[in-house]
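What follows is a short report on a single structure.
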Amino acid sequence: MALCSSFQLTRVAALAVQGSASGGDVDPRERLPWPDNIIVYLPSNEQLSADYMSRCLSVISVLKLCNLKFDIHRCRNAEFLAPDKLWPLLRSGENLATGFENIVDYIRILGYLPSRNYSEMQQAEMMTFLIYIDSTMYSAERFLCWCSKNEFQRRTKPRHFSFYSKPLRIILPLLKAWETKTNLNMLGYPSDKTGHTRVFQELRTLCKSVTAKLQKSGGGEESFLFGPQITEVDVVFACHVEAIKDVFDSFSELSKLFNSDFPHLLHFSKKCMDQLSNPKVLLK
């Protein structure tokens with residue numbers, strides 16, 4: 001099987017769009033056929049700490065939002081299947097797209113994301129806001145799961161490594177924690193009180209931004225971030241909120257942030273999940 005790098009599958013889709021448009025008979029905005037052999041590889045259920053849950057739930061939720069057919073394969077070594085170690089993985093025949101961002105790009109290039117119905121300026125704004133939401137929430141989830149000693153020992157370590165035999169059960173948690181902490185430190189999140197403070201400051205700022213965006217687009221029960229129709233931006237935010245709720249009981253300030261300061265965002269996230277018939281059940 002020929003495996004594509006992180007960007008090759010989206011390049012294949014882009015070339016298909018350009019080729020179709022160049023013939024003069026096809027609207028560049030027209031949807032290309034969705035492959036009938038799509039498989040999404042996800043970690044096993046017991047591995048789904050908040051950081052893993054958010055990315056997996058985001059991918060399958062965006063696919064459901066676009067009414068696209070796909071199958072799910074669960075395997076404990078899902079994060080090691082791709083050469084670049086990006087996951088989740090989406091396989092289309094002999095091609096493989098790796099990582100949340102590249103899978104979303106693939107869906108976008110084929111013309112299935114709801115944002116395709118907006119103007120180019122609106123699409124750019126939506127993409128910027130999606131990246132802001134995903135990067136902020138994902139950094140927070142990784143920090144809470146891997147840099148908090150209590151959370152790491154209580155849930156993260158058992159979920160990821162309990163099924164390995166010795167000595168892997170001892171070595172792998174240390175290597176994974178070191179790798180994650182090093183990456184977060186490079187991004188400006190040292191694994192100490194400074195990083196902890198920054199994580200919660202950025203989460204609060206994000207919650208304020210999402211609240212302001214909801215108010216700007218109407219603020220009513222039927223409103224979403226970019227108007228009356230749900231888009232991939234709403235879905236990704238909701239997926240991250242659903243994932244981070246898993247660690248509410250370990251971090252009182254996190255629970256207070258959402259339950260007391262921004263309870264409407266929990267309600268908003270539930271509304272988004274209900275629109276998709278709660279895709280979280282697919283991860284159980």
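Going through the structure tokens in order, the chains are called A, B, and so on, while each chain numbers its residues from 1 and the ligands are numbered from 1 in the order shown.
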
- Message: What parts of segment 27-183 of chain A does DSSP call strand (DSSP E)? I'd like the answer as a list in words.
- Response: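 Going through segment 27-183 of chain A, the strand (DSSP E) residues come out as Ile38, Ile39, Val40, Tyr41, Leu42, Asp71, Ile72, His73, Arg74, Leu89, Leu90, Arg91, Ser92, Asn95, Leu96, Ala97 and Thr98 of chain A.
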
- Task: May I have the residues within 6 Å of segment 145-161 of chain A as a VMD selection string, using only C-alpha atoms and disregarding those fewer than 3 positions away in the same chain?
- Result: chain A and resid 46 to 47 49 142 164 169 177 191

- Task: Might you pull out every residue within 12 Å of Tyr118 of chain A, with only C-alpha atoms counted and same-chain residues fewer than 3 positions away left off, and present them as a list in words?
- Result: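 After dropping sequence-adjacent residues, the list is Arg29, Leu113, Pro114, Ser115, Met121, Gln122, Gln123, Ala124, Glu125, Met126, Met127, Phe226, Gly227, Gln229 and Thr231 of chain A.
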
If you keep C-alpha atoms, can you produce a file of those selected residues as a PDB file, in the first residue's frame?
ATOM      1  CA  ARG A  29     -17.121  25.067  -6.343  1.00  0.00           C
ATOM      2  CA  LEU A 113     -17.462  21.695   4.402  1.00  0.00           C
ATOM      3  CA  PRO A 114     -20.437  23.996   5.180  1.00  0.00           C
ATOM      4  CA  SER A 115     -18.095  27.004   4.983  1.00  0.00           C
ATOM      5  CA  MET A 121     -13.573  36.688   3.281  1.00  0.00           C
ATOM      6  CA  GLN A 122     -15.942  34.822   5.602  1.00  0.00           C
ATOM      7  CA  GLN A 123     -14.175  31.547   4.862  1.00  0.00           C
ATOM      8  CA  ALA A 124     -10.842  33.091   5.791  1.00  0.00           C
ATOM      9  CA  GLU A 125     -12.314  34.389   9.055  1.00  0.00           C
ATOM     10  CA  MET A 126     -13.816  30.987   9.810  1.00  0.00           C
ATOM     11  CA  MET A 127     -10.538  29.200   9.154  1.00  0.00           C
ATOM     12  CA  PHE A 226     -21.267  32.381  11.961  1.00  0.00           C
ATOM     13  CA  GLY A 227     -25.014  32.726  11.638  1.00  0.00           C
ATOM     14  CA  GLN A 229     -26.351  27.448  10.226  1.00  0.00           C
ATOM     15  CA  THR A 231     -20.469  24.958  10.562  1.00  0.00           C
TER      16      THR A 231
END

- Run DSSP on the backbone and give me the residues of segment 16-215 of chain A it puts in helix (DSSP H, G or I), as number ranges by chain. A: 16-22, 45-47, 50-65, 78-80, 100-109, 114-117, 120-146, 149-161, 168-186, 193-215

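Those residues that approach Ala243 of chain A to within 7 Å, counting only C-alpha atoms, are Ala50, Met53 and Ser54 of chain A; same-chain residues fewer than 6 positions away are not listed.
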
- Task: Could you check how far atom CA of Phe268 of chain A sits from atom CA of Asp249 of chain A, in Å to one decimal?
- Result: 20.7 Å

- Message: Give me, as a list in words, all polymer residues having an atom no more than 9 Å from segment 182-185 of chain A, counting only C-alpha atoms and skipping those fewer than 3 positions away in the same chain.
- Response: Ser139, Arg142, Phe143, Ala177, Trp178, Glu179, Gly188, Tyr189, Pro190, Ser191 and Gly195 of chain A

Any chance you could export the current selection's C-alpha atoms as a short mmCIF file (atom, residue, chain, number, x, y, z; two decimals), in the first residue's frame?
data_model
loop_
_atom_site.label_atom_id
_atom_site.label_comp_id
_atom_site.auth_asym_id
_atom_site.auth_seq_id
_atom_site.Cartn_x
_atom_site.Cartn_y
_atom_site.Cartn_z
CA SER A 139 -2.62 22.85 24.03
CA ARG A 142 -2.31 18.19 26.47
CA PHE A 143 -1.00 20.30 29.35
CA ALA A 177 5.45 12.53 28.83
CA TRP A 178 8.94 13.88 28.05
CA GLU A 179 8.07 14.34 24.37
CA GLY A 188 5.54 28.54 25.64
CA TYR A 189 3.87 26.22 28.15
CA PRO A 190 6.50 25.13 30.70
CA SER A 191 5.30 22.27 32.91
CA GLY A 195 2.44 27.09 32.10
#

- Close residues, segment 63-67 of chain A itself excluded, 12 Å, only C-alpha atoms, min 6 positions apart in chain, as a PyMOL selection string: chain A and resi 31+34+38-40+56-57+90+100+103-108+110-116+229-236+272-280+282

- Message: Can you pull out the residues contacting segment 83-88 of chain A? Cut-off 9 Å, using only C-alpha atoms, and skip same-chain residues under 3 positions away; I want them as a list in words.
- Response: Leu3, Ser5, Ser6, Val40, Tyr41, Leu42, Pro43, Tyr52, Arg55, Cys56, Val59, Ala78, Glu79, Phe80, Ala97, Thr98, Gly99, Phe100 and Ile103 of chain A

Those residues you just picked out, can you put them in a file as a compact mmCIF listing (two decimals), in the first residue's frame with C-alpha atoms?
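Wrote it out as part_18.txt, contents follow:
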# COMPACT_ATOMS: atom_id res chain seq x y z
CA LEU A 3 1.02 5.77 2.01
CA SER A 5 2.54 12.04 3.61
CA SER A 6 0.51 14.53 5.63
CA VAL A 40 -10.76 6.44 9.90
CA TYR A 41 -8.25 4.83 12.26
CA LEU A 42 -8.68 5.81 15.90
CA PRO A 43 -7.01 4.79 19.16
CA TYR A 52 -6.92 12.19 22.23
CA ARG A 55 -9.03 15.23 17.95
CA CYS A 56 -10.85 11.94 17.34
CA VAL A 59 -12.75 14.36 12.89
CA ALA A 78 -3.18 4.17 15.80
CA GLU A 79 -0.80 7.03 16.59
CA PHE A 80 2.15 5.02 15.28
CA ALA A 97 -4.16 11.53 5.25
CA THR A 98 -2.73 12.10 8.71
CA GLY A 99 -3.70 14.58 11.36
CA PHE A 100 -6.80 16.61 12.11
CA ILE A 103 -8.22 15.57 7.11

- Query: Expressed in Å to a single decimal, how great is the separation between atom CA of Leu130 of chain A and atom CA of Leu68 of chain A?
  - Reply: 20.3 Å

- In Å, rounded to a single decimal, give me how far atom CA of Ile72 of chain A is from atom CA of Asn45 of chain A. 11.9 Å

- Smallest atom-to-atom distance to Leu206 of chain A: which of A:Leu89, A:Asn102, A:Ile244, A:Phe237, using only C-alpha atoms? A:Phe237

- Which residue out of A:Thr128, A:Glu94, A:Ala140, A:Met186 has the minimum interatomic distance to Phe251 of chain A when only C-alpha atoms are used?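 Comparing A:Thr128, A:Glu94, A:Ala140, A:Met186 against Phe251 of chain A, the winner is A:Ala140.
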